[in-house]
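To start, the structure under review is shown below, and the notes come after it.
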Amino acid sequence: MKSLHTRIILLGAVLVILAAILGITSRPAIAGNGPSIQSPTELADQGLESIVLFSQLQAQTLPPPANQDPCLHCHIRGEETGLWTPLTRWIVFGTAGLVFVFGLVRTTSALKTRRSWKPIPKRFSAWLEERYEYQEPLAKVLEKPVPDWQRRWWYCLGGLTFFFFFVQGVTGIMLAFYYKPTPEAAYASIQFIESQVYFGRAIRMMHHWSANGMVVMCFAHMLRVFIMGAYKKPRELNWVSGVTLFIMTLAFGFTGYLLPWDQRAFWATTVGSEIAGGIPVIGNLALIFLRVGWDISSLTLSRFYALHVLIIPLITVAMMLAHFIMVRRQGIMKPL
Amino acid sequence: MAEKPNPEEKTVPFFPDHLAYEAKVALWFGIGLIIIGVIGLFSPVGLGAPADPMVTPEHTKPEWYFLALFQLLKWLPKTMGAVAPVILVLIILVWPFLDFKADKSRKIVRVRGIVTAILVVITIVLTILGEVT
């Protein structure tokens with residue numbers, strides 16, 4: 001594909017195909033949906049036949065007016081509720097169209113030059129290799145030999161902790177899509193998750209038990225490292241970052257526990273922050289920092305939510321990065 | 001940096017062998033999680049009564065991983081009970097700088113194992129006591 005006019009022709013073909021896809025996947029809007037438009041005869045009377053088709057197309061793609069079924073935000077043509085919305089149709093047929101066009105281009109270019117071509121993944125990795133020269137360092141990482149003794153079960157505990165953290169991140173994001181962090185709405189939003197959201201109960205259950213799992217695995221990993229003395233030189237900072245991660249895990253549990261805003265959550269947090277208040281010298285400061293005042297209020301909930309969703313995850317990710325880099329660099333300690 | 005691998009040791013390459021092994025372990029845990037999710041569909045976590053700042057319920061206790069500290073607090077006076085966990089955590093944090101002599105034999109590993117086992121049993125007992133009292 002060398003010359004400019006060829007590229008323009010192909011771009012035009014792409015646009016034509018996309019327009020055809022739009023035509024194929026659109027179905028007439030249900031009666032009464034969308035604003036009223038002038039009928040074709042009315043428009044024809046005004047000598048505007050040519051814009052009849054275009055305005056019909058336009059009307060079909062306008063968003064639904066307010067005070068309507070929220071399902072119609074995605075199912076704008078009023079089709080049956082499900083995953084086959086205009087957006088998914090665009091994505092599926094658009095991708096198919098692009099793939100078809102790319103195949104067309106590839107075929108035509110090969111016909112012209114009679115050159116055999118490499119499979120697409122190999123072409124893509126060669127393209128990247130030319131620009132970033134990543135294959136040599138990647139090979140070093142991927143082919144690192146792992147001795148048998150490192151595959152015993154007690155060496156998996158740290159990785160499992162990370163696995164649970166990852167699960168918590170994913171389920172936490174899904175819950176955050178529906179959770180409302182105000183005292184007035186929090187309880188009801190969780191009831192909404194458990195009743196109206198598809199698989200909301202399952203996601204919440206997974207988040208709850210994955211939290212317990214993460215605490216258990218983190219503790220077990222810490223015990224394993226302690227017993228085997230893998231905190232000694234040269235791995236002291238590894239241990240420090242690991243203990244920080246353990247404290248972050250407990251902080252996750254403490255901040256997350258308040259979020260449902262039920263009696264148990266409210267009073268357990270009251271007790272917990274009272275204990276923090278009992279520390280001499282800095283106790284009052286700690287209590288006021290946690291509760292944002294002397295009592296637990298909506299400010300407390302906002303602060304705990306920000307801690308749970310932003311601050312503690314950032315610290316955790318930073319500590320994990322340090323922890324993993326150090327482990328990779330120093331290797332697993334060989335037991336005596 | 002890393003100890004050089006012993007040429008006589010049997011090793012597998014990280015990718016794909018070891019990664020596949022780790023993926024299998026993670027997959028089993030993932031299946032366990034999905035089972036938990038399915039259980040959650042029928043018997044969800046649920047909520048207690050909505051929060052009421054005016055009404056203190058009779059038995060409030062924290063999540064299970066804090067129960068041991070909670071039980072400790074019931075026995076120690078308020079200040080000590082708040083300070084003791086903090087000091088404990090600080091000691092654990094700097095432990096490699098307190099116990100810095102290199103391990104000479106497997107005996108010390110066994111000793112650490114026994115000490116750990118005792119501490120874990122104490123923690124479990126404290127947790128259970130925190131739950132039932």
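Ordered as shown in the structure tokens, chains take letters A, B, and onward, while each chain numbers its residues from 1 and ligands are numbered from 1 in the order shown.
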*Give me the residues within 7 Å of Ala102 in chain B as an NGL selection string, counting only C-alpha atoms and dropping any in the same chain fewer than 2 places off.*
(:A and (232)) or (:B and (100 or 104))
*asked:* With only C-alpha atoms considered, list every residue of chain A at most 7 Å from chain B, as a ChimeraX atom specification.
replied: /A:142-148,187,199,201-203,205-206,227-228,231-232,236,240,243,261-264,266-268,275-276,278-280,329-331,336
*asked:* When DSSP is applied to the backbone of this structure, which of range 88-327 of chain A are assigned alpha helix (DSSP H)? Write them out as JSON, numbers by chain.
replied: {"A": [88, 89, 90, 91, 92, 93, 94, 95, 96, 97, 98, 99, 100, 101, 102, 103, 104, 105, 106, 107, 108, 109, 110, 111, 112, 113, 120, 121, 122, 123, 124, 125, 126, 127, 128, 129, 130, 131, 132, 135, 136, 137, 138, 139, 140, 141, 142, 157, 158, 159, 160, 161, 162, 163, 164, 165, 166, 167, 168, 169, 170, 171, 172, 173, 174, 175, 176, 186, 187, 188, 189, 190, 191, 192, 193, 194, 195, 200, 201, 202, 203, 204, 205, 206, 207, 208, 209, 210, 211, 212, 213, 214, 215, 216, 217, 218, 219, 220, 221, 222, 223, 224, 225, 226, 227, 236, 237, 238, 239, 240, 241, 242, 243, 244, 245, 246, 247, 248, 249, 250, 251, 252, 253, 254, 255, 256, 257, 258, 263, 264, 265, 266, 267, 268, 269, 270, 271, 272, 273, 274, 275, 276, 277, 283, 284, 285, 286, 287, 288, 289, 290, 291, 298, 299, 300, 301, 302, 303, 304, 305, 306, 312, 313, 314, 315, 316, 317, 318, 319, 320, 321, 322, 323, 324, 325, 326, 327]}
